[in-house]
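Have a look at run_5.csv below; it lists CSV, C-alpha atoms.
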chain,number,residue,atom,x,y,z
V,1,MET,CA,115.3,67.6,-3.8
V,2,THR,CA,116.3,68.7,-7.3
V,3,ILE,CA,118.8,66.4,-8.8
V,4,LEU,CA,121.0,66.9,-11.9
V,5,ASN,CA,121.7,64.0,-14.2
V,6,ASP,CA,125.5,64.1,-14.6
V,7,VAL,CA,127.4,61.3,-12.8
V,8,SER,CA,130.7,61.8,-11.0
V,9,PRO,CA,133.5,59.2,-10.8
V,10,MET,CA,133.0,56.5,-8.1
V,11,PRO,CA,135.3,57.0,-5.1
V,12,GLU,CA,136.6,53.8,-3.6
V,13,ARG,CA,134.8,54.5,-0.3
V,14,ILE,CA,131.4,53.8,-1.9
V,15,VAL,CA,130.3,50.2,-1.3
V,16,ASP,CA,127.4,48.4,-3.1
V,17,PRO,CA,126.7,51.2,-5.5
V,18,ALA,CA,124.3,49.1,-7.7
V,19,ALA,CA,122.0,48.5,-4.7
V,20,ALA,CA,122.1,52.1,-3.7
V,21,ARG,CA,121.2,53.4,-7.1
V,22,ALA,CA,118.4,50.9,-7.5
V,23,ARG,CA,117.0,52.0,-4.1
V,24,HIS,CA,117.6,55.8,-4.4
V,25,GLY,CA,117.9,56.5,-8.1
V,26,ASP,CA,119.2,60.0,-8.9
V,27,ARG,CA,119.8,60.8,-5.3
V,28,PHE,CA,122.7,58.3,-5.4
V,29,ASP,CA,124.3,60.2,-8.3
V,30,PHE,CA,123.8,63.5,-6.3
V,31,ILE,CA,125.8,61.9,-3.4
V,32,LEU,CA,128.6,60.9,-5.7
V,33,ARG,CA,129.0,64.6,-6.9
V,34,MET,CA,128.8,65.9,-3.3
V,35,LEU,CA,131.6,63.6,-2.2
V,36,GLN,CA,133.9,65.9,-4.3
V,37,VAL,CA,132.5,69.2,-3.0
V,38,GLY,CA,133.7,71.0,0.1
V,39,ASP,CA,132.4,74.4,1.2
V,40,PRO,CA,133.6,77.0,-1.3
V,41,LEU,CA,132.7,80.0,0.8
V,42,ALA,CA,134.5,78.7,3.9
V,43,ASP,CA,137.4,77.4,1.9
V,44,ALA,CA,138.0,80.8,0.4
V,45,VAL,CA,138.1,82.3,3.9
V,46,ILE,CA,140.8,79.9,5.0
V,47,VAL,CA,142.9,81.1,2.0
V,48,GLU,CA,142.4,84.7,3.2
V,49,PHE,CA,143.3,83.7,6.8
V,50,ASP,CA,146.6,82.3,5.5
V,51,GLU,CA,147.3,85.3,3.2
V,52,LEU,CA,146.2,88.2,5.4
V,53,GLY,CA,146.6,86.8,8.9
V,54,ARG,CA,145.2,88.7,11.8
V,55,SER,CA,143.3,91.3,9.8
V,56,ALA,CA,141.1,88.7,8.2
V,57,ARG,CA,140.3,87.0,11.5
V,58,VAL,CA,139.5,90.3,13.1
V,59,ALA,CA,137.1,91.1,10.3
V,60,LEU,CA,135.4,87.8,10.6
V,61,GLN,CA,135.0,87.9,14.4
V,62,ARG,CA,133.7,91.4,14.4
V,63,GLY,CA,131.3,90.6,11.5
V,64,LEU,CA,129.9,87.6,13.3
V,65,ALA,CA,129.5,89.5,16.6
V,66,GLU,CA,128.2,92.8,15.2
V,67,GLY,CA,127.1,92.1,11.7
V,68,ARG,CA,128.5,92.5,8.2
V,69,ALA,CA,127.6,96.2,8.2
V,70,ALA,CA,130.1,96.8,11.0
V,71,VAL,CA,133.0,95.6,8.9
V,72,SER,CA,133.1,97.8,5.8
V,73,ASP,CA,136.7,96.8,5.0
V,74,ALA,CA,136.3,93.1,5.3
V,75,PRO,CA,138.3,91.1,2.7
V,76,PRO,CA,136.2,89.6,-0.2
V,77,ALA,CA,135.9,86.0,1.0
V,78,VAL,CA,135.1,87.0,4.6
V,79,ASP,CA,132.5,89.5,3.3
V,80,ALA,CA,130.9,86.8,1.2
V,81,LEU,CA,130.7,84.4,4.1
V,82,LEU,CA,129.2,87.0,6.4
V,83,ALA,CA,126.7,87.9,3.7
V,84,GLN,CA,125.6,84.3,3.4
V,85,VAL,CA,125.3,83.5,7.1
V,86,GLU,CA,123.4,86.6,8.2
V,87,THR,CA,120.9,86.5,5.4
V,88,LEU,CA,117.8,84.9,7.0
V,89,PRO,CA,116.0,82.6,4.5
V,90,GLU,CA,112.3,82.8,4.1
V,91,TRP,CA,111.9,79.4,5.7
V,92,VAL,CA,113.1,80.4,9.1
V,93,SER,CA,111.9,83.2,11.5
V,94,THR,CA,113.5,85.0,14.3
V,95,MET,CA,110.7,83.7,16.5
V,96,GLN,CA,111.9,80.1,15.8
V,97,LEU,CA,115.4,81.1,16.7
V,98,ALA,CA,114.3,82.9,19.8
V,99,ASP,CA,112.5,79.8,21.0
V,100,GLY,CA,115.6,77.5,20.5
V,101,ASP,CA,115.4,73.8,19.8
V,102,ARG,CA,112.6,73.1,22.3
V,103,THR,CA,112.3,69.5,21.1
V,104,SER,CA,115.9,68.7,22.1
V,105,LEU,CA,115.7,70.8,25.3
V,106,ALA,CA,112.8,68.8,26.7
V,107,VAL,CA,114.8,65.5,26.6
V,108,PRO,CA,116.0,64.4,30.1
V,109,PHE,CA,119.6,65.5,30.3
V,110,HIS,CA,121.1,62.0,31.0
V,111,TRP,CA,119.3,60.6,28.0
V,112,SER,CA,120.4,63.5,25.9
V,113,ASN,CA,124.0,62.8,26.8
V,114,LEU,CA,123.7,59.1,26.0
V,115,ALA,CA,121.9,59.7,22.7
V,116,PHE,CA,124.7,62.2,21.8
V,117,SER,CA,127.6,59.9,22.6
V,118,CYS,CA,126.3,56.4,22.2
V,119,GLY,CA,124.1,57.2,19.2
V,120,SER,CA,125.3,60.3,17.3
V,121,LEU,CA,129.1,60.2,17.7
V,122,VAL,CA,129.4,56.4,17.5
V,123,HIS,CA,127.5,56.6,14.2
V,124,THR,CA,129.8,59.4,13.0
V,125,TYR,CA,133.0,57.6,13.9
V,126,SER,CA,131.7,54.3,12.3
V,127,SER,CA,132.4,55.8,8.9
V,128,PRO,CA,136.0,54.7,7.9
V,129,SER,CA,136.5,57.9,5.8
V,130,ILE,CA,135.5,60.2,8.6
V,131,ALA,CA,137.4,58.2,11.2
V,132,ARG,CA,140.6,58.2,9.0
V,133,LEU,CA,140.5,62.0,8.8
V,134,LEU,CA,139.8,62.5,12.5
V,135,VAL,CA,142.5,60.1,13.6
V,136,GLY,CA,144.9,61.9,11.2
V,137,THR,CA,144.5,65.1,13.1
V,138,GLY,CA,146.2,63.4,16.0
V,139,ARG,CA,143.7,64.7,18.5
V,140,LEU,CA,140.6,62.7,19.1
V,141,THR,CA,142.0,59.5,20.5
V,142,SER,CA,144.3,61.2,23.0
V,143,THR,CA,142.1,64.1,24.0
V,144,ALA,CA,138.6,62.4,23.6
V,145,PRO,CA,137.2,64.0,26.8
V,146,ARG,CA,138.0,67.5,25.7
V,147,ARG,CA,136.7,66.9,22.1
V,148,LEU,CA,133.5,65.4,23.5
V,149,ALA,CA,133.0,68.4,25.7
V,150,GLU,CA,133.7,70.9,22.9
V,151,THR,CA,131.2,69.2,20.6
V,152,GLY,CA,128.7,69.3,23.5
V,153,LEU,CA,129.4,73.0,24.1
V,154,TRP,CA,128.7,73.8,20.4
V,155,ASN,CA,125.5,71.7,20.4
V,156,ALA,CA,124.3,73.4,23.7
V,157,SER,CA,125.0,76.9,22.3
V,158,ALA,CA,123.1,76.1,19.1
V,159,ILE,CA,119.9,74.7,20.7
V,160,LEU,CA,119.4,77.2,23.6
V,161,PRO,CA,116.8,79.9,23.1
V,162,GLY,CA,118.2,82.7,21.0
V,163,GLY,CA,121.4,80.8,20.4
V,164,LEU,CA,121.3,81.1,16.6
V,165,LEU,CA,120.2,84.7,16.4
V,166,ARG,CA,122.8,86.9,14.7
V,167,GLY,CA,125.7,87.5,17.0
V,168,ALA,CA,124.6,85.0,19.6
V,169,PRO,CA,127.0,82.3,20.9
V,170,GLY,CA,125.5,79.4,18.9
V,171,TYR,CA,125.5,81.4,15.7
V,172,VAL,CA,129.1,82.5,16.1
V,173,GLN,CA,130.3,79.0,17.2
V,174,THR,CA,128.5,77.2,14.3
V,175,VAL,CA,130.3,79.4,11.8
V,176,GLN,CA,133.6,78.8,13.7
V,177,VAL,CA,133.0,75.0,13.5
V,178,ARG,CA,132.4,75.4,9.8
V,179,LEU,CA,135.7,77.2,9.4
V,180,LEU,CA,137.5,74.6,11.4
V,181,HIS,CA,136.1,72.0,9.0
V,182,ALA,CA,137.5,74.1,6.1
V,183,ARG,CA,140.9,74.3,7.8
V,184,VAL,CA,141.0,70.5,8.2
V,185,ARG,CA,140.0,70.1,4.6
V,186,ALA,CA,142.8,72.4,3.5
V,187,THR,CA,145.4,70.7,5.7
V,188,ALA,CA,144.5,67.2,4.7
V,189,THR,CA,144.5,68.1,1.0
V,190,ALA,CA,147.9,69.7,1.4
V,191,HIS,CA,149.2,66.5,3.0
V,192,GLY,CA,148.2,64.2,0.2
V,193,TRP,CA,144.7,63.2,1.1
V,194,GLU,CA,143.4,60.7,-1.5
V,195,ALA,CA,140.3,62.5,-2.7
V,196,GLY,CA,139.7,59.9,-5.5
V,197,ARG,CA,139.5,57.2,-2.9
V,198,TRP,CA,137.9,59.0,0.0
V,199,GLY,CA,136.2,62.0,-1.5
V,200,VAL,CA,137.1,65.6,-0.6
V,201,PRO,CA,137.9,65.9,3.2
V,202,ILE,CA,134.7,66.8,5.1
V,203,ASN,CA,132.8,66.9,1.9
V,204,GLN,CA,129.1,67.8,1.6
V,205,ALA,CA,128.0,64.2,2.1
V,206,ASP,CA,130.0,64.1,5.3
V,207,ILE,CA,128.4,67.3,6.5
V,208,ALA,CA,125.0,65.9,5.8
V,209,ARG,CA,125.9,62.8,7.9
V,210,THR,CA,126.9,65.2,10.7
V,211,TRP,CA,123.5,66.9,10.4
V,212,LEU,CA,121.7,63.6,10.6
V,213,ASP,CA,123.7,62.8,13.7
V,214,PHE,CA,122.0,65.7,15.5
V,215,THR,CA,118.5,65.1,14.2
V,216,VAL,CA,117.3,61.6,13.2
V,217,VAL,CA,120.1,59.5,14.8
V,218,PRO,CA,119.8,60.7,18.4
V,219,PHE,CA,116.0,60.6,18.3
V,220,ASN,CA,116.0,57.2,16.8
V,221,PHE,CA,118.2,56.2,19.7
V,222,LEU,CA,115.8,57.9,22.2
V,223,ALA,CA,112.8,56.1,20.6
V,224,GLY,CA,114.6,52.8,21.4
V,225,ILE,CA,114.5,53.6,25.1
V,226,GLY,CA,110.9,54.8,25.0
V,227,TYR,CA,111.2,58.5,24.3
V,228,SER,CA,109.4,59.2,21.0
V,229,LEU,CA,108.4,62.4,19.3
V,230,THR,CA,105.1,63.6,18.0
V,231,GLN,CA,104.8,64.6,14.4
V,232,GLU,CA,104.6,68.3,15.5
V,233,GLU,CA,107.8,67.9,17.5
V,234,GLN,CA,109.6,66.3,14.6
V,235,SER,CA,108.6,69.1,12.2
V,236,ARG,CA,109.8,71.7,14.7
V,237,LEU,CA,113.1,69.9,15.2
V,238,TYR,CA,113.9,69.6,11.5
V,239,ARG,CA,112.9,73.1,10.7
V,240,TYR,CA,115.1,74.5,13.4
V,241,TRP,CA,118.0,72.3,12.2
V,242,TRP,CA,117.5,73.5,8.6
V,243,TYR,CA,119.1,76.7,9.8
V,244,VAL,CA,121.9,75.0,11.6
V,245,ALA,CA,122.6,73.1,8.3
V,246,ARG,CA,122.7,76.4,6.4
V,247,LEU,CA,125.2,77.9,8.9
V,248,LEU,CA,127.4,74.8,8.7
V,249,GLY,CA,127.6,75.3,4.9
V,250,LEU,CA,125.4,72.3,3.8
V,251,ASP,CA,123.8,72.4,0.4
V,252,GLU,CA,120.1,73.1,0.8
V,253,ARG,CA,119.2,70.2,-1.5
V,254,PHE,CA,120.2,67.8,1.3
V,255,PHE,CA,117.8,69.1,4.0
V,256,LEU,CA,115.0,71.4,2.7
V,257,GLY,CA,111.7,69.5,2.8
V,258,ILE,CA,112.8,67.0,5.4
V,259,GLU,CA,110.3,67.4,8.3
V,260,ASN,CA,110.1,64.0,9.9
V,261,HIS,CA,112.2,61.0,10.8
V,262,GLU,CA,110.8,58.9,7.9
V,263,GLN,CA,112.1,61.5,5.4
V,264,ALA,CA,115.4,61.8,7.2
V,265,ALA,CA,115.8,58.1,7.3
V,266,GLU,CA,115.8,57.9,3.5
V,267,LEU,CA,118.9,60.2,3.4
V,268,LEU,CA,120.4,58.3,6.3
V,269,ASP,CA,119.9,55.0,4.5
V,270,LEU,CA,121.5,56.3,1.3
V,271,LEU,CA,124.6,57.4,3.2
V,272,ASP,CA,124.9,54.4,5.5
V,273,SER,CA,124.2,51.8,2.8
V,274,THR,CA,127.2,53.1,0.8
V,275,THR,CA,129.6,53.3,3.7
V,276,ALA,CA,132.1,50.6,4.4
V,277,PRO,CA,132.1,48.8,7.8
V,278,PRO,CA,134.0,50.2,10.7
V,279,ASP,CA,137.8,49.8,10.6
V,280,ASP,CA,140.7,50.2,13.0
V,281,ASP,CA,140.4,54.0,13.0
V,282,SER,CA,136.7,53.7,13.8
V,283,ARG,CA,137.4,51.3,16.7
V,284,ALA,CA,140.1,53.6,18.1
V,285,LEU,CA,137.8,56.6,18.0
V,286,VAL,CA,134.7,54.9,19.4
V,287,GLY,CA,136.7,53.2,22.2
V,288,ALA,CA,138.2,56.6,23.3
V,289,LEU,CA,134.8,58.3,23.0
V,290,LEU,CA,132.9,55.7,25.1
V,291,ASP,CA,135.7,55.8,27.8
V,292,ALA,CA,135.4,59.6,27.9
V,293,ALA,CA,131.6,59.4,28.1
V,294,ILE,CA,131.6,56.9,30.9
V,295,THR,CA,134.0,58.9,32.9
V,296,THR,CA,132.0,62.1,32.4
V,297,LEU,CA,128.7,60.4,33.4
V,298,ALA,CA,130.2,58.8,36.5
V,299,ALA,CA,131.7,62.1,37.6
V,300,GLN,CA,128.4,64.0,37.5
V,301,PRO,CA,127.1,65.3,40.9
V,302,GLN,CA,124.7,62.8,42.5
V,303,SER,CA,125.4,60.2,39.8
V,304,PRO,CA,123.2,57.2,40.4
V,305,MET,CA,126.0,54.8,39.3
V,306,ASP,CA,129.7,54.3,39.4
V,307,ALA,CA,131.9,53.9,36.3
V,308,THR,CA,131.2,50.2,36.1
V,309,GLY,CA,127.5,50.7,36.1
V,310,TRP,CA,127.6,53.4,33.5
V,311,ARG,CA,129.9,51.2,31.4
V,312,ASP,CA,127.4,48.3,31.4
V,313,LEU,CA,124.6,50.7,30.5
V,314,VAL,CA,126.6,52.4,27.7
V,315,HIS,CA,127.6,49.1,26.2
V,316,ALA,CA,124.0,47.8,26.4
V,317,VAL,CA,122.3,50.8,24.8
V,318,THR,CA,125.1,51.2,22.1
V,319,ARG,CA,124.8,47.6,21.0
V,320,SER,CA,121.0,47.7,21.1
V,321,PHE,CA,120.9,50.8,18.9
V,322,HIS,CA,123.6,50.1,16.3
V,323,GLY,CA,123.0,46.4,16.1
V,324,ALA,CA,125.3,43.4,17.0
V,325,ALA,CA,127.2,43.4,13.7
V,326,THR,CA,128.3,47.1,13.9
V,327,ALA,CA,128.9,46.8,17.7
V,328,ASP,CA,131.1,43.7,17.2
V,329,ALA,CA,133.0,45.5,14.4
V,330,LEU,CA,133.6,48.4,16.8
V,331,GLY,CA,134.8,46.2,19.6
V,332,ILE,CA,131.9,47.0,21.9
V,333,PRO,CA,131.4,44.1,24.3
V,334,GLU,CA,128.1,42.5,25.3
V,335,SER,CA,126.6,43.8,28.6
V,336,PRO,CA,124.7,42.2,31.4
V,337,VAL,CA,122.3,45.2,31.4
V,338,THR,CA,120.9,44.3,27.9
V,339,ALA,CA,118.2,42.0,29.4
V,340,VAL,CA,116.6,44.9,31.4
V,341,LEU,CA,116.5,47.4,28.5
V,342,PRO,CA,112.9,46.5,27.6
V,343,LEU,CA,111.8,47.3,31.2
V,344,LEU,CA,113.8,50.5,31.1
V,345,ALA,CA,112.2,51.5,27.8
V,346,ALA,CA,108.7,50.7,29.1
V,347,GLY,CA,109.3,53.0,32.1
V,348,GLU,CA,110.6,55.8,30.0
V,349,ALA,CA,107.7,55.5,27.5
V,350,LYS,CA,105.3,55.9,30.5
V,351,ALA,CA,107.1,58.9,31.8
V,352,ARG,CA,107.1,60.4,28.3
V,353,SER,CA,103.3,59.9,27.9
V,354,HIS,CA,102.8,61.7,31.2
V,355,GLN,CA,105.0,64.5,30.0
V,356,LEU,CA,102.8,65.0,26.9
V,357,GLN,CA,99.6,64.8,28.8
V,358,LEU,CA,100.1,66.7,32.0
V,359,PRO,CA,99.6,70.5,31.8
V,360,GLY,CA,102.9,72.3,32.1
V,361,ALA,CA,105.0,69.2,32.2
V,362,LEU,CA,106.6,69.8,28.8
V,363,GLN,CA,107.5,73.4,29.7
V,364,THR,CA,109.0,72.2,32.9
V,365,ALA,CA,111.1,69.7,31.0
V,366,GLU,CA,112.3,72.4,28.6
V,367,GLU,CA,113.2,74.7,31.5
V,368,ALA,CA,115.2,71.9,33.1
V,369,GLY,CA,117.0,71.3,29.8
V,370,ILE,CA,117.9,75.0,29.6
V,371,ARG,CA,119.4,75.0,33.0
V,372,ALA,CA,121.3,71.8,32.3
V,373,PHE,CA,122.8,73.0,29.0
V,374,ASN,CA,123.7,76.4,30.5
V,375,GLY,CA,125.5,74.4,33.2
V,376,LEU,CA,127.4,72.4,30.6
V,377,ILE,CA,128.5,75.6,28.9
V,378,ALA,CA,129.7,77.1,32.2
V,379,ALA,CA,131.7,74.0,33.0
V,380,LEU,CA,134.0,74.5,29.9
V,381,PRO,CA,135.4,78.1,30.3
V,382,ASP,CA,138.5,77.6,28.2
V,383,PRO,CA,138.4,78.4,24.4
V,384,THR,CA,137.6,75.4,22.2
V,385,ALA,CA,139.6,74.3,19.2
V,386,TYR,CA,137.2,76.0,16.8
V,387,GLN,CA,137.2,79.2,18.8
V,388,GLU,CA,141.0,79.3,18.9
V,389,HIS,CA,141.3,78.7,15.2
V,390,ALA,CA,139.1,81.7,14.4
V,391,ALA,CA,140.6,83.9,17.1
V,392,ALA,CA,142.2,87.2,16.1
V,393,ALA,CA,145.2,86.7,18.4
Show how you would write the structure in this file as structure tokens.
Amino acid sequence: MTILNDVSPMPERIVDPAAARARHGDRFDFILRMLQVGDPLADAVIVEFDELGRSARVALQRGLAEGRAAVSDAPPAVDALLAQVETLPEWVSTMQLADGDRTSLAVPFHWSNLAFSCGSLVHTYSSPSIARLLVGTGRLTSTAPRRLAETGLWNASAILPGGLLRGAPGYVQTVQVRLLHARVRATATAHGWEAGRWGVPINQADIARTWLDFTVVPFNFLAGIGYSLTQEEQSRLYRYWWYVARLLGLDERFFLGIENHEQAAELLDLLDSTTAPPDDDSRALVGALLDAAITTLAAQPQSPMDATGWRDLVHAVTRSFHGAATADALGIPESPVTAVLPLLAAGEAKARSHQLQLPGALQTAEEAGIRAFNGLIAALPDPTAYQEHAAAA
């Protein structure tokens, strides 16, 4: 990662800066600068949406679906965004995108769901600055099941084979999520968001945290229950998610070159070690999230447990992964299931070993993942918040 030497003012959200600078050097100063940077391309499109209305949205939607060349009269900001997202960098190939995120698809679907909710989203919501912004939208605590489903829909669309090819659902939805971030950024700023204290809303560092919450965080969670990745799988995972990061508007200096969990963990430590402990907003979001996840798990066809059983398991794996201090700060209670987690992890590790050794087992797991994620998509037919925001109507 290339780092410049200028240093930005210290937002109040940063904790223990001296230790972070001692451990990470110039990368810490890079993070400080990125706390004050949003996404100029997407932010400019939001301005055009507000100035031009439906015509700008029509141009964007057609350009995403059919390509920039199909929209000769696109307004300047929309045209610039389309040019950026449909330019395929040299470090990604259409073959990679056609394959999809095979590493994620091979994870047993129930563990994928738990890693996503108990690992990734709990980690996201533990950040007071992110939680403050999300609670301020007035949506996530009251409509947690819907928001959980919508995020899952985007993730599924992005990792399925061909999902990120130009015009495909994952490609279109990733850019729509990016534009919803820009809308939230503009709205929060207009309503007096304290950038000096919290950084720009959904700044580059926050987007990097989101990227980590779909790469190293869920797979560290999975490793804790016995499902570990080979080095080849790790490299394939990160290289696929480099392109997701690009479509989300993340600065390449955050992610290019990260090809394994060890490298990703350095960036994760930099962000986590400078983040304050969870606050009331974090507790509200995590509580609503886990309630929604438990309800969803218990409602699955042929679920092996009722809501009480799932609640005990969710609390146990969440506390185990995030640690007692964070779990206590988030109000996650202790669980009677905790004592059996080592046995569960041993069983999963054995199953994973067989998956890697038996001919055809990994492909069978990937195919099962494809069916499961397609089923998830089919179960949410209504437009999502990010789709409605970009819609031409």
Checklist entry - Taking all atoms listed in the file into account, which of V:Leu121, V:Val107, V:Ala83, V:Leu237 comes nearest V:Val286? => result V:Leu121
Neighbour list for stretch 363-378 of chain V as a JSON list (two decimals) with C-alpha atoms, in the coordinates of the input, cut-off 7 Å, all atoms listed in the file, skip fewer than 4 positions in-chain:
[["chain", "number", "residue", "atom", "x", "y", "z"],
["V", 102, "ARG", "CA", 112.60, 73.10, 22.30],
["V", 105, "LEU", "CA", 115.70, 70.80, 25.30],
["V", 106, "ALA", "CA", 112.80, 68.80, 26.70],
["V", 107, "VAL", "CA", 114.80, 65.50, 26.60],
["V", 108, "PRO", "CA", 116.00, 64.40, 30.10],
["V", 109, "PHE", "CA", 119.60, 65.50, 30.30],
["V", 153, "LEU", "CA", 129.40, 73.00, 24.10],
["V", 156, "ALA", "CA", 124.30, 73.40, 23.70],
["V", 160, "LEU", "CA", 119.40, 77.20, 23.60]]
Next on the checklist: To one decimal place in Å, what is the distance between atom CA of V:Leu82 and atom CA of V:Gly63?
Outcome noted: 6.6 Å
Next on the checklist: I'd like the neighbourhood of V:Asp79 as a VMD selection string, where a residue qualifies if any of its atoms comes within 10 Å (using all atoms listed in the file), though same-chain residues fewer than 6 positions away should be ignored.
Outcome noted: chain V and resid 41 45 56 59 to 60 63 68 to 69 71 to 73
Could the residues in this selection be written to a file with C-alpha atoms, as a short mmCIF file (atom, residue, chain, number, x, y, z; two decimals), in the coordinates of the input?
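Result file follows (again_25.cif):
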data_model
loop_
_atom_site.label_atom_id
_atom_site.label_comp_id
_atom_site.auth_asym_id
_atom_site.auth_seq_id
_atom_site.Cartn_x
_atom_site.Cartn_y
_atom_site.Cartn_z
CA LEU V 41 132.70 80.00 0.80
CA VAL V 45 138.10 82.30 3.90
CA ALA V 56 141.10 88.70 8.20
CA ALA V 59 137.10 91.10 10.30
CA LEU V 60 135.40 87.80 10.60
CA GLY V 63 131.30 90.60 11.50
CA ARG V 68 128.50 92.50 8.20
CA ALA V 69 127.60 96.20 8.20
CA VAL V 71 133.00 95.60 8.90
CA SER V 72 133.10 97.80 5.80
CA ASP V 73 136.70 96.80 5.00
#
Checklist entry - Between atom CA of V:Ala390 and atom CA of V:Val58, what is the spacing in Å? => result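 Calculated distance between atom CA of V:Val58 and atom CA of V:Ala390 is 8.7 Å.
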Item to check | Pairwise distance for atom CA of V:Gln300 and atom CA of V:Gln176, rounded to one decimal in Å | outcome: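 Atom CA of V:Gln176 lies at a distance of 28.5 Å from atom CA of V:Gln300.
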Checklist entry - Using only C-alpha atoms, which residues sit within 10 Å of V:Phe255 once same-chain residues fewer than 5 positions away are excluded, as a VMD selection string? => result chain V and resid 1 208 211 to 212 238 to 239 241 to 243 245 to 246 250 263 to 264 267
Item to check | Residue among V:Thr151, V:Pro169, V:Val37, V:Pro89 lying closest to V:Asn113, counting only C-alpha atoms | outcome: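 Nearest candidate to V:Asn113 out of V:Thr151, V:Pro169, V:Val37, V:Pro89: V:Thr151.
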Next on the checklist: Report as a list in words all protein, DNA and RNA residues lying within 7 Å of stretch 215-221 of chain V, evaluated on only C-alpha atoms, omitting residues in the same chain fewer than 5 positions from it.
Outcome noted: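 The neighbour list is Ala115, Phe116, Gly119, Ser120, Tyr238, His261, Ala264 and Phe321 of chain V.
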So that I have them on file, write out the residues from the current selection with C-alpha atoms, as a compact mmCIF listing (two decimals), in the frame of the given file.
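Produced file out-v9.txt, reproduced below:
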# COMPACT_ATOMS: atom_id res chain seq x y z
CA ALA V 115 121.90 59.70 22.70
CA PHE V 116 124.70 62.20 21.80
CA GLY V 119 124.10 57.20 19.20
CA SER V 120 125.30 60.30 17.30
CA TYR V 238 113.90 69.60 11.50
CA HIS V 261 112.20 61.00 10.80
CA ALA V 264 115.40 61.80 7.20
CA PHE V 321 120.90 50.80 18.90
Checklist entry - Nearest to V:Ser228 among V:His110, V:Gln355, V:Ala276, V:Leu268, with distances taken over all atoms listed in the file: which residue is it? => result V:Gln355
